[in-house]
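Colleague: Take a look at this one; I'll ask things after.
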Amino acid sequence: MKARIKFRKYGALRFIGHLDVMRFFQKVMRRADIPIAFTGGYSPHMIMSFASPLGIGLSSDGEYFDIELREAVNSADAVRRMNEACVEGIEVVSMKQIAEEKKMTGMTILAGADYLVSLKKGTLPHDWKDSFTAFMEQPEIRIVKQTKRSEKEVDIRPLIDRWEIRGEDIFLQLAAGSSQNLKPDLVMEAFCRYLGVSCDDTAFGYHRLEMYADVGEDGRRQLVTLESLGWDME
C-alpha cells in the first residue's frame, strides 16, 4: 500500500538541506509509529521518495513525499501523530493513499509548481510591474543555462504556464519534473537583466506554494495537485 504525505516547511528550517529533511522524517515515522515498509537485504531502509527536493533557503506550503505502508492507517490519526513528533518549521498537512503503479509516484508524475516571489534585497524601478508585464509578453525569454558538461542558450518562455502580480509579489507557475524544469531564480535573473539591474545587488525570496501532475491529453496541459490524486484512508 502506498501513501503520499504533504507537508509545509517554514521558518528557520527552510535552511536545512534535503538530506536533513529525509533524516528528520525517518525519525518522525518511528516516533509517530507509522507502519512504513522497509527494503530487503543486509541494509534495509525506509521506502520513501520525495517529489522534488526544495532548495536551501526556500519555504513551502506544498512539499510531498511518497511512502510504502505495511498496513493501512487512518489518515487523520496519522497526520496528528506525525505533527506531534514534528518541530516548529515542519507541519504535515495530509496523508493520502495513492495508486500502486510505479509510474504514479510523485517524482515520476511531477509536471509543474507554483512559486511566490518577493524582493528581499535591493530596489527595483518604480514602474517594475509594467516592466514585468512587458518582460512576460515577449515571445521568447532566452537565457544561458548551465548543464553538467557545458552551457547552452534556451528559451524559458514556454516553461512558464502562468504568472501574475500579487501586490508587491510575483506569482509564477513553472514547469517542473525530470523532463522539463524551470527554477524561479532563473526567471528573476532574466528579469533583472531585462531591467538592467545588477543581479548581485538584488535578491529575491522564493516560497513554493504547490506541486502538480499533468493529466491532460493530446498535448494539452491540465495540472492537478499531487494531493488530489490520492484519497483518505479510514
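A note on labels: chains of the C-alpha cells are A, B, ... as shown, every chain counts residues from 1, and ligands are counted from 1 in their shown order.
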Which polymer residues have any atom within 10 Å of an atom of A:Lys120, counting only C-alpha atoms, with same-chain residues fewer than 5 positions away left out, as an MDAnalysis selection string?
Modeller: chainID A and resid 202:206
Colleague: Would you save the residues of that selection, restricted to C-alpha atoms, as a short mmCIF file (atom, residue, chain, number, x, y, z; two decimals), in the first residue's frame?
Modeller:
```
data_model
loop_
_atom_site.label_atom_id
_atom_site.label_comp_id
_atom_site.auth_asym_id
_atom_site.auth_seq_id
_atom_site.Cartn_x
_atom_site.Cartn_y
_atom_site.Cartn_z
CA THR A 202 19.24 42.29 -5.91
CA ALA A 203 17.96 39.25 -4.01
CA PHE A 204 14.54 37.60 -4.04
CA GLY A 205 12.78 35.29 -1.63
CA TYR A 206 11.03 32.22 -3.04
#
```
Colleague: If DSSP is run on the backbone, what residues of stretch 40-158 of chain A are alpha helix (DSSP H)? A reply as a list in words would be ideal.
Modeller: Ser75, Ala76, Asp77, Ala78, Val79, Arg80, Arg81, Met82, Asn83, Glu84, Ala85, Gly106, Met107, Thr108, Ile109, Trp128, Lys129, Asp130, Ser131, Phe132, Thr133, Ala134, Phe135 and Met136 of chain A
Colleague: Against stretch 9-20 of chain A, which residues of stretch 47-157 of chain A fall within 7 Å? For each one I want the closest pair of atoms and the distance in Å (one decimal), counting only C-alpha atoms, rows by chain and increasing residue number, as CSV.
Modeller:
```
residue,atom,partner,partner_atom,distance
A:Pro53,CA,A:His18,CA,5.9
A:Leu54,CA,A:His18,CA,6.8
A:Ile56,CA,A:Phe15,CA,5.1
A:Gly57,CA,A:Phe15,CA,4.7
A:Leu58,CA,A:Arg14,CA,5.6
A:Ser59,CA,A:Tyr10,CA,4.9
A:Ser60,CA,A:Lys9,CA,5.1
A:Asp61,CA,A:Lys9,CA,6.6
A:Gly89,CA,A:Tyr10,CA,4.7
A:Ile90,CA,A:Lys9,CA,4.8
A:Glu91,CA,A:Lys9,CA,6.8
```
Colleague: Can those selected residues be exported to a file as a CSV table (one decimal), in the first residue's frame so that it contains N, CA, C and O atoms?
Modeller:
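Saved to part-v8.csv:
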```
chain,number,residue,atom,x,y,z
A,53,PRO,N,13.2,17.8,-4.3
A,53,PRO,CA,13.9,18.4,-3.2
A,53,PRO,C,13.7,20.0,-3.3
A,53,PRO,O,13.9,20.6,-4.4
A,54,LEU,N,13.5,20.6,-2.1
A,54,LEU,CA,13.4,22.0,-2.1
A,54,LEU,C,14.8,22.6,-1.8
A,54,LEU,O,15.5,22.2,-1.0
A,56,ILE,N,17.8,25.0,-0.5
A,56,ILE,CA,18.0,25.6,0.8
A,56,ILE,C,17.7,27.1,0.8
A,56,ILE,O,18.0,27.8,-0.1
A,57,GLY,N,16.9,27.5,1.8
A,57,GLY,CA,16.5,28.9,1.9
A,57,GLY,C,15.1,29.1,1.5
A,57,GLY,O,14.5,30.2,1.7
A,58,LEU,N,14.5,28.2,0.7
A,58,LEU,CA,13.1,28.3,0.3
A,58,LEU,C,12.2,27.8,1.3
A,58,LEU,O,12.5,26.7,2.0
A,59,SER,N,11.1,28.4,1.5
A,59,SER,CA,10.0,27.9,2.3
A,59,SER,C,8.9,27.3,1.4
A,59,SER,O,8.9,27.5,0.2
A,60,SER,N,8.0,26.6,1.9
A,60,SER,CA,7.0,25.9,1.1
A,60,SER,C,5.7,25.6,1.9
A,60,SER,O,5.8,25.2,3.0
A,61,ASP,N,4.6,25.6,1.2
A,61,ASP,CA,3.3,25.1,1.7
A,61,ASP,C,2.9,23.8,1.0
A,61,ASP,O,1.9,23.2,1.3
A,89,GLY,N,8.5,24.5,12.2
A,89,GLY,CA,9.2,24.7,10.9
A,89,GLY,C,8.9,23.6,9.9
A,89,GLY,O,9.1,23.7,8.8
A,90,ILE,N,8.3,22.5,10.5
A,90,ILE,CA,7.7,21.4,9.6
A,90,ILE,C,6.3,21.0,10.1
A,90,ILE,O,6.1,20.8,11.3
A,91,GLU,N,5.4,21.0,9.2
A,91,GLU,CA,4.0,20.7,9.5
A,91,GLU,C,3.4,19.8,8.5
A,91,GLU,O,3.4,20.1,7.3
```
Colleague: So, counting only C-alpha atoms, which residue among A:Thr123, A:Thr225, A:Ser94, A:Thr133 is closest to A:Ser198?
Modeller: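 Of A:Thr123, A:Thr225, A:Ser94, A:Thr133, the one nearest A:Ser198 is A:Thr123, counting only C-alpha atoms.
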Colleague: I need the strand (DSSP E or B) residues of stretch 16-229 of chain A per DSSP on the backbone, written as an mmCIF file with N, CA, C and O atoms, in the first residue's frame.
Modeller:
```
data_model
loop_
_atom_site.group_PDB
_atom_site.id
_atom_site.type_symbol
_atom_site.label_atom_id
_atom_site.label_comp_id
_atom_site.auth_asym_id
_atom_site.auth_seq_id
_atom_site.Cartn_x
_atom_site.Cartn_y
_atom_site.Cartn_z
ATOM 1 N N ILE A 36 5.612 2.081 8.181
ATOM 2 C CA ILE A 36 6.267 2.234 6.891
ATOM 3 C C ILE A 36 7.028 0.956 6.538
ATOM 4 O O ILE A 36 7.575 0.278 7.421
ATOM 5 N N PHE A 38 10.026 -1.356 4.689
ATOM 6 C CA PHE A 38 11.466 -1.260 4.501
ATOM 7 C C PHE A 38 11.897 -2.106 3.302
ATOM 8 O O PHE A 38 11.226 -3.079 2.939
ATOM 9 N N MET A 46 13.935 2.720 4.935
ATOM 10 C CA MET A 46 12.534 3.053 4.709
ATOM 11 C C MET A 46 12.287 3.340 3.226
ATOM 12 O O MET A 46 13.090 4.003 2.574
ATOM 13 N N MET A 48 10.850 5.498 0.811
ATOM 14 C CA MET A 48 10.439 6.899 0.881
ATOM 15 C C MET A 48 11.053 7.643 -0.299
ATOM 16 O O MET A 48 12.251 7.532 -0.548
ATOM 17 N N SER A 49 10.243 8.369 -1.062
ATOM 18 C CA SER A 49 10.782 9.142 -2.189
ATOM 19 C C SER A 49 10.101 10.502 -2.250
ATOM 20 O O SER A 49 8.875 10.595 -2.160
ATOM 21 N N PHE A 50 10.909 11.542 -2.406
ATOM 22 C CA PHE A 50 10.412 12.916 -2.434
ATOM 23 C C PHE A 50 10.134 13.344 -3.874
ATOM 24 O O PHE A 50 10.885 12.998 -4.789
ATOM 25 N N SER A 59 11.055 28.416 1.458
ATOM 26 C CA SER A 59 9.969 27.895 2.287
ATOM 27 C C SER A 59 8.908 27.318 1.364
ATOM 28 O O SER A 59 8.944 27.525 0.155
ATOM 29 N N SER A 60 7.958 26.566 1.927
ATOM 30 C CA SER A 60 6.960 25.919 1.073
ATOM 31 C C SER A 60 5.711 25.557 1.853
ATOM 32 O O SER A 60 5.768 25.205 3.031
ATOM 33 N N ASP A 61 4.576 25.633 1.155
ATOM 34 C CA ASP A 61 3.311 25.126 1.672
ATOM 35 C C ASP A 61 2.914 23.821 0.991
ATOM 36 O O ASP A 61 1.872 23.249 1.322
ATOM 37 N N GLY A 62 3.719 23.374 0.017
ATOM 38 C CA GLY A 62 3.304 22.228 -0.780
ATOM 39 C C GLY A 62 4.421 21.279 -1.129
ATOM 40 O O GLY A 62 4.763 21.097 -2.297
ATOM 41 N N GLU A 63 5.029 20.637 -0.104
ATOM 42 C CA GLU A 63 6.059 19.610 -0.331
ATOM 43 C C GLU A 63 5.440 18.224 -0.219
ATOM 44 O O GLU A 63 4.490 18.024 0.547
ATOM 45 N N TYR A 64 5.990 17.258 -0.961
ATOM 46 C CA TYR A 64 5.410 15.911 -0.995
ATOM 47 C C TYR A 64 6.486 14.833 -0.939
ATOM 48 O O TYR A 64 7.563 14.993 -1.525
ATOM 49 N N PHE A 65 6.157 13.738 -0.259
ATOM 50 C CA PHE A 65 6.943 12.521 -0.426
ATOM 51 C C PHE A 65 6.019 11.310 -0.327
ATOM 52 O O PHE A 65 4.964 11.355 0.323
ATOM 53 N N ASP A 66 6.395 10.258 -1.029
ATOM 54 C CA ASP A 66 5.615 9.018 -1.072
ATOM 55 C C ASP A 66 6.288 7.965 -0.213
ATOM 56 O O ASP A 66 7.529 7.885 -0.153
ATOM 57 N N ILE A 67 5.479 7.149 0.444
ATOM 58 C CA ILE A 67 5.991 6.045 1.252
ATOM 59 C C ILE A 67 5.201 4.781 0.921
ATOM 60 O O ILE A 67 4.142 4.837 0.289
ATOM 61 N N GLU A 68 5.740 3.658 1.339
ATOM 62 C CA GLU A 68 5.020 2.393 1.231
ATOM 63 C C GLU A 68 4.690 1.915 2.635
ATOM 64 O O GLU A 68 5.545 1.947 3.526
ATOM 65 N N LEU A 69 3.445 1.494 2.839
ATOM 66 C CA LEU A 69 2.976 1.067 4.155
ATOM 67 C C LEU A 69 2.842 -0.448 4.228
ATOM 68 O O LEU A 69 2.493 -1.091 3.237
ATOM 69 N N ILE A 90 8.251 22.470 10.459
ATOM 70 C CA ILE A 90 7.740 21.381 9.618
ATOM 71 C C ILE A 90 6.328 21.043 10.092
ATOM 72 O O ILE A 90 6.118 20.790 11.275
ATOM 73 N N GLU A 91 5.368 21.047 9.188
ATOM 74 C CA GLU A 91 3.994 20.681 9.533
ATOM 75 C C GLU A 91 3.429 19.758 8.466
ATOM 76 O O GLU A 91 3.437 20.096 7.282
ATOM 77 N N VAL A 92 2.947 18.589 8.884
ATOM 78 C CA VAL A 92 2.308 17.657 7.955
ATOM 79 C C VAL A 92 0.894 18.141 7.684
ATOM 80 O O VAL A 92 0.133 18.437 8.611
ATOM 81 N N VAL A 93 0.529 18.240 6.420
ATOM 82 C CA VAL A 93 -0.773 18.748 6.009
ATOM 83 C C VAL A 93 -1.758 17.623 5.752
ATOM 84 O O VAL A 93 -2.918 17.679 6.167
ATOM 85 N N SER A 94 -1.330 16.577 5.055
ATOM 86 C CA SER A 94 -2.243 15.484 4.728
ATOM 87 C C SER A 94 -1.463 14.206 4.446
ATOM 88 O O SER A 94 -0.261 14.239 4.177
ATOM 89 N N MET A 95 -2.182 13.090 4.511
ATOM 90 C CA MET A 95 -1.638 11.790 4.133
ATOM 91 C C MET A 95 -2.729 11.067 3.349
ATOM 92 O O MET A 95 -3.828 10.856 3.859
ATOM 93 N N LYS A 96 -2.442 10.730 2.091
ATOM 94 C CA LYS A 96 -3.426 10.132 1.203
ATOM 95 C C LYS A 96 -2.900 8.811 0.645
ATOM 96 O O LYS A 96 -1.716 8.687 0.328
ATOM 97 N N GLN A 97 -3.798 7.847 0.507
ATOM 98 C CA GLN A 97 -3.440 6.632 -0.215
ATOM 99 C C GLN A 97 -3.390 6.958 -1.701
ATOM 100 O O GLN A 97 -4.199 7.752 -2.215
ATOM 101 N N ILE A 98 -2.425 6.358 -2.421
ATOM 102 C CA ILE A 98 -2.282 6.617 -3.856
ATOM 103 C C ILE A 98 -2.225 5.293 -4.609
ATOM 104 O O ILE A 98 -2.105 4.220 -4.016
ATOM 105 N N LEU A 110 5.493 14.485 -11.528
ATOM 106 C CA LEU A 110 5.622 15.925 -11.303
ATOM 107 C C LEU A 110 5.768 16.672 -12.624
ATOM 108 O O LEU A 110 6.598 16.329 -13.462
ATOM 109 N N ALA A 111 4.930 17.712 -12.811
ATOM 110 C CA ALA A 111 4.949 18.451 -14.078
ATOM 111 C C ALA A 111 4.954 19.969 -13.888
ATOM 112 O O ALA A 111 5.254 20.696 -14.832
ATOM 113 N N GLY A 112 4.613 20.450 -12.697
ATOM 114 C CA GLY A 112 4.558 21.893 -12.509
ATOM 115 C C GLY A 112 4.610 22.278 -11.042
ATOM 116 O O GLY A 112 4.362 21.450 -10.162
ATOM 117 N N ALA A 113 4.940 23.535 -10.786
ATOM 118 C CA ALA A 113 4.994 24.029 -9.411
ATOM 119 C C ALA A 113 4.683 25.517 -9.391
ATOM 120 O O ALA A 113 4.995 26.247 -10.344
ATOM 121 N N ASP A 114 4.035 25.958 -8.305
ATOM 122 C CA ASP A 114 3.713 27.368 -8.088
ATOM 123 C C ASP A 114 4.715 27.985 -7.120
ATOM 124 O O ASP A 114 5.102 27.338 -6.124
ATOM 125 N N TYR A 115 5.095 29.232 -7.395
ATOM 126 C CA TYR A 115 6.008 29.961 -6.510
ATOM 127 C C TYR A 115 5.489 31.380 -6.289
ATOM 128 O O TYR A 115 4.877 31.978 -7.176
ATOM 129 N N LEU A 116 5.784 31.917 -5.118
ATOM 130 C CA LEU A 116 5.540 33.320 -4.821
ATOM 131 C C LEU A 116 6.902 33.971 -4.602
ATOM 132 O O LEU A 116 7.686 33.514 -3.759
ATOM 133 N N VAL A 117 7.180 35.004 -5.362
ATOM 134 C CA VAL A 117 8.493 35.659 -5.347
ATOM 135 C C VAL A 117 8.356 37.038 -4.711
ATOM 136 O O VAL A 117 7.461 37.813 -5.062
ATOM 137 N N SER A 118 9.260 37.353 -3.787
ATOM 138 C CA SER A 118 9.243 38.665 -3.138
ATOM 139 C C SER A 118 10.651 39.241 -3.111
ATOM 140 O O SER A 118 11.641 38.507 -3.029
ATOM 141 N N LEU A 119 10.750 40.543 -3.188
ATOM 142 C CA LEU A 119 12.041 41.225 -3.152
ATOM 143 C C LEU A 119 12.555 41.259 -1.717
ATOM 144 O O LEU A 119 11.863 41.708 -0.810
ATOM 145 N N LYS A 120 13.780 40.781 -1.507
ATOM 146 C CA LYS A 120 14.372 40.744 -0.170
ATOM 147 C C LYS A 120 15.531 41.726 -0.013
ATOM 148 O O LYS A 120 15.833 42.160 1.089
ATOM 149 N N LYS A 121 16.204 42.033 -1.110
ATOM 150 C CA LYS A 121 17.378 42.899 -1.032
ATOM 151 C C LYS A 121 17.451 43.739 -2.297
ATOM 152 O O LYS A 121 17.180 43.251 -3.387
ATOM 153 N N ARG A 142 15.239 34.261 -23.548
ATOM 154 C CA ARG A 142 16.387 33.387 -23.721
ATOM 155 C C ARG A 142 17.397 33.618 -22.601
ATOM 156 O O ARG A 142 17.709 34.756 -22.241
ATOM 157 N N ILE A 143 17.886 32.516 -22.042
ATOM 158 C CA ILE A 143 18.900 32.575 -21.001
ATOM 159 C C ILE A 143 19.981 31.555 -21.328
ATOM 160 O O ILE A 143 19.770 30.642 -22.134
ATOM 161 N N VAL A 144 21.135 31.705 -20.688
ATOM 162 C CA VAL A 144 22.197 30.704 -20.785
ATOM 163 C C VAL A 144 22.060 29.788 -19.578
ATOM 164 O O VAL A 144 22.182 30.234 -18.438
ATOM 165 N N LYS A 145 21.780 28.518 -19.832
ATOM 166 C CA LYS A 145 21.534 27.555 -18.763
ATOM 167 C C LYS A 145 22.712 26.613 -18.633
ATOM 168 O O LYS A 145 23.193 26.057 -19.625
ATOM 169 N N GLN A 146 23.164 26.423 -17.399
ATOM 170 C CA GLN A 146 24.284 25.533 -17.142
ATOM 171 C C GLN A 146 23.808 24.078 -17.130
ATOM 172 O O GLN A 146 22.786 23.751 -16.547
ATOM 173 N N GLU A 151 27.265 24.666 -21.187
ATOM 174 C CA GLU A 151 26.182 25.621 -21.047
ATOM 175 C C GLU A 151 25.557 25.845 -22.418
ATOM 176 O O GLU A 151 26.211 25.713 -23.450
ATOM 177 N N LYS A 152 24.251 26.129 -22.399
ATOM 178 C CA LYS A 152 23.562 26.334 -23.666
ATOM 179 C C LYS A 152 22.493 27.395 -23.498
ATOM 180 O O LYS A 152 21.973 27.620 -22.401
ATOM 181 N N GLU A 153 22.147 28.025 -24.602
ATOM 182 C CA GLU A 153 21.108 29.049 -24.592
ATOM 183 C C GLU A 153 19.761 28.396 -24.829
ATOM 184 O O GLU A 153 19.600 27.590 -25.747
ATOM 185 N N VAL A 154 18.786 28.705 -23.965
ATOM 186 C CA VAL A 154 17.455 28.116 -24.089
ATOM 187 C C VAL A 154 16.399 29.208 -23.946
ATOM 188 O O VAL A 154 16.637 30.262 -23.346
ATOM 189 N N ASP A 155 15.233 28.931 -24.493
ATOM 190 C CA ASP A 155 14.075 29.819 -24.359
ATOM 191 C C ASP A 155 13.203 29.287 -23.235
ATOM 192 O O ASP A 155 12.631 28.200 -23.336
ATOM 193 N N ILE A 160 6.893 28.673 -18.654
ATOM 194 C CA ILE A 160 6.120 29.486 -17.709
ATOM 195 C C ILE A 160 4.641 29.346 -18.060
ATOM 196 O O ILE A 160 4.172 29.876 -19.064
ATOM 197 N N ASP A 161 3.908 28.593 -17.260
ATOM 198 C CA ASP A 161 2.496 28.333 -17.545
ATOM 199 C C ASP A 161 1.610 29.531 -17.220
ATOM 200 O O ASP A 161 0.714 29.882 -17.985
ATOM 201 N N ARG A 162 1.851 30.132 -16.056
ATOM 202 C CA ARG A 162 1.024 31.257 -15.617
ATOM 203 C C ARG A 162 1.876 32.231 -14.829
ATOM 204 O O ARG A 162 2.913 31.856 -14.264
ATOM 205 N N TRP A 163 1.433 33.464 -14.765
ATOM 206 C CA TRP A 163 2.085 34.454 -13.918
ATOM 207 C C TRP A 163 1.077 35.544 -13.601
ATOM 208 O O TRP A 163 0.121 35.771 -14.325
ATOM 209 N N GLU A 164 1.307 36.213 -12.497
ATOM 210 C CA GLU A 164 0.504 37.403 -12.162
ATOM 211 C C GLU A 164 1.210 38.163 -11.057
ATOM 212 O O GLU A 164 1.994 37.596 -10.287
ATOM 213 N N ILE A 165 0.935 39.442 -10.989
ATOM 214 C CA ILE A 165 1.478 40.285 -9.925
ATOM 215 C C ILE A 165 0.457 40.323 -8.791
ATOM 216 O O ILE A 165 -0.710 40.648 -9.012
ATOM 217 N N ARG A 166 0.892 39.955 -7.614
ATOM 218 C CA ARG A 166 0.029 39.923 -6.434
ATOM 219 C C ARG A 166 0.557 40.921 -5.416
ATOM 220 O O ARG A 166 1.457 40.608 -4.634
ATOM 221 N N ASP A 169 4.315 41.185 -4.738
ATOM 222 C CA ASP A 169 4.921 39.891 -5.035
ATOM 223 C C ASP A 169 4.577 39.447 -6.457
ATOM 224 O O ASP A 169 3.673 39.994 -7.102
ATOM 225 N N ILE A 170 5.289 38.444 -6.920
ATOM 226 C CA ILE A 170 5.052 37.873 -8.245
ATOM 227 C C ILE A 170 4.719 36.394 -8.095
ATOM 228 O O ILE A 170 5.450 35.641 -7.420
ATOM 229 N N PHE A 171 3.606 35.971 -8.679
ATOM 230 C CA PHE A 171 3.221 34.564 -8.706
ATOM 231 C C PHE A 171 3.689 33.958 -10.024
ATOM 232 O O PHE A 171 3.481 34.528 -11.103
ATOM 233 N N LEU A 172 4.339 32.787 -9.941
ATOM 234 C CA LEU A 172 4.821 32.074 -11.123
ATOM 235 C C LEU A 172 4.391 30.617 -11.051
ATOM 236 O O LEU A 172 4.572 29.964 -10.012
ATOM 237 N N GLN A 173 3.827 30.106 -12.133
ATOM 238 C CA GLN A 173 3.576 28.667 -12.264
ATOM 239 C C GLN A 173 4.516 28.162 -13.357
ATOM 240 O O GLN A 173 4.404 28.552 -14.516
ATOM 241 N N LEU A 174 5.441 27.303 -12.954
ATOM 242 C CA LEU A 174 6.535 26.895 -13.827
ATOM 243 C C LEU A 174 6.539 25.392 -14.061
ATOM 244 O O LEU A 174 6.066 24.616 -13.225
ATOM 245 N N ALA A 175 7.093 24.997 -15.193
ATOM 246 C CA ALA A 175 7.274 23.577 -15.471
ATOM 247 C C ALA A 175 8.246 22.988 -14.457
ATOM 248 O O ALA A 175 9.221 23.622 -14.052
ATOM 249 N N ALA A 203 18.234 40.615 -4.472
ATOM 250 C CA ALA A 203 17.958 39.253 -4.011
ATOM 251 C C ALA A 203 16.454 39.090 -3.805
ATOM 252 O O ALA A 203 15.777 40.005 -3.331
ATOM 253 N N PHE A 204 15.962 37.907 -4.172
ATOM 254 C CA PHE A 204 14.538 37.603 -4.041
ATOM 255 C C PHE A 204 14.332 36.421 -3.101
ATOM 256 O O PHE A 204 15.190 35.542 -2.985
ATOM 257 N N GLY A 205 13.195 36.425 -2.433
ATOM 258 C CA GLY A 205 12.784 35.287 -1.630
ATOM 259 C C GLY A 205 11.792 34.455 -2.412
ATOM 260 O O GLY A 205 10.953 35.007 -3.144
ATOM 261 N N TYR A 206 11.884 33.124 -2.268
ATOM 262 C CA TYR A 206 11.029 32.219 -3.037
ATOM 263 C C TYR A 206 10.267 31.300 -2.087
ATOM 264 O O TYR A 206 10.862 30.660 -1.222
ATOM 265 N N HIS A 207 8.966 31.246 -2.289
ATOM 266 C CA HIS A 207 8.099 30.385 -1.477
ATOM 267 C C HIS A 207 7.322 29.468 -2.421
ATOM 268 O O HIS A 207 6.581 29.943 -3.290
ATOM 269 N N ARG A 208 7.530 28.154 -2.281
ATOM 270 C CA ARG A 208 6.799 27.221 -3.139
ATOM 271 C C ARG A 208 5.404 26.996 -2.550
ATOM 272 O O ARG A 208 5.264 26.663 -1.385
ATOM 273 N N LEU A 209 4.401 27.176 -3.382
ATOM 274 C CA LEU A 209 3.014 27.078 -2.932
ATOM 275 C C LEU A 209 2.416 25.696 -3.139
ATOM 276 O O LEU A 209 1.647 25.210 -2.302
ATOM 277 N N GLU A 210 2.739 25.068 -4.281
ATOM 278 C CA GLU A 210 2.084 23.797 -4.618
ATOM 279 C C GLU A 210 2.868 23.080 -5.711
ATOM 280 O O GLU A 210 3.669 23.699 -6.424
ATOM 281 N N MET A 211 2.628 21.764 -5.844
ATOM 282 C CA MET A 211 3.210 20.976 -6.928
ATOM 283 C C MET A 211 2.105 20.205 -7.637
ATOM 284 O O MET A 211 1.111 19.809 -7.016
ATOM 285 N N TYR A 212 2.305 19.965 -8.930
ATOM 286 C CA TYR A 212 1.244 19.434 -9.780
ATOM 287 C C TYR A 212 1.704 18.264 -10.653
ATOM 288 O O TYR A 212 2.885 18.143 -10.989
ATOM 289 N N ALA A 213 0.711 17.458 -11.056
ATOM 290 C CA ALA A 213 0.866 16.469 -12.121
ATOM 291 C C ALA A 213 0.055 16.943 -13.321
ATOM 292 O O ALA A 213 -0.895 17.714 -13.178
ATOM 293 N N ASP A 214 0.434 16.476 -14.500
ATOM 294 C CA ASP A 214 -0.270 16.839 -15.728
ATOM 295 C C ASP A 214 -1.148 15.665 -16.153
ATOM 296 O O ASP A 214 -0.648 14.599 -16.513
ATOM 297 N N LEU A 223 -3.129 20.709 -15.225
ATOM 298 C CA LEU A 223 -2.421 20.459 -13.978
ATOM 299 C C LEU A 223 -3.390 20.237 -12.819
ATOM 300 O O LEU A 223 -4.351 20.987 -12.649
ATOM 301 N N VAL A 224 -3.119 19.199 -12.028
ATOM 302 C CA VAL A 224 -3.864 18.926 -10.799
ATOM 303 C C VAL A 224 -2.842 18.711 -9.693
ATOM 304 O O VAL A 224 -1.729 18.242 -9.934
ATOM 305 N N THR A 225 -3.196 19.046 -8.472
ATOM 306 C CA THR A 225 -2.245 18.911 -7.367
ATOM 307 C C THR A 225 -1.915 17.450 -7.111
ATOM 308 O O THR A 225 -2.742 16.557 -7.329
#
```
Colleague: Rank A:Asp201, A:Glu168, A:Glu101, A:Asp33 by their smallest atom-to-atom distance to A:Glu189, using only C-alpha atoms, and report the top residue only.
Modeller: A:Asp201
Colleague: Would you kindly return, as an mmCIF file with C-alpha atoms, in the first residue's frame, each protein, DNA or RNA residue with an atom no farther than 12 Å from any atom of A:Arg80, considering only C-alpha atoms and excluding same-chain residues fewer than 2 positions away?
Modeller:
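Generated file (out_9.cif):
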```
data_model
loop_
_atom_site.group_PDB
_atom_site.id
_atom_site.type_symbol
_atom_site.label_atom_id
_atom_site.label_comp_id
_atom_site.auth_asym_id
_atom_site.auth_seq_id
_atom_site.Cartn_x
_atom_site.Cartn_y
_atom_site.Cartn_z
ATOM 1 C CA VAL A 28 9.143 11.128 12.582
ATOM 2 C CA ARG A 31 8.210 8.317 16.724
ATOM 3 C CA ALA A 32 4.708 8.503 15.225
ATOM 4 C CA ASP A 33 4.590 4.702 14.862
ATOM 5 C CA ILE A 34 3.748 4.877 11.136
ATOM 6 C CA VAL A 73 -3.671 3.617 8.834
ATOM 7 C CA ASN A 74 -6.304 6.267 9.452
ATOM 8 C CA SER A 75 -5.173 9.363 7.551
ATOM 9 C CA ALA A 76 -6.322 11.934 10.106
ATOM 10 C CA ASP A 77 -4.820 9.995 13.017
ATOM 11 C CA ALA A 78 -1.512 9.521 11.198
ATOM 12 C CA MET A 82 3.298 12.893 12.833
ATOM 13 C CA ASN A 83 2.700 16.515 13.803
ATOM 14 C CA GLU A 84 3.107 15.601 17.467
ATOM 15 C CA ALA A 85 6.540 14.215 16.516
ATOM 16 C CA CYS A 86 7.473 17.273 14.420
ATOM 17 C CA GLU A 91 3.994 20.681 9.533
ATOM 18 C CA VAL A 92 2.308 17.657 7.955
ATOM 19 C CA VAL A 93 -0.773 18.748 6.009
ATOM 20 C CA SER A 94 -2.243 15.484 4.728
ATOM 21 C CA MET A 95 -1.638 11.790 4.133
#
```
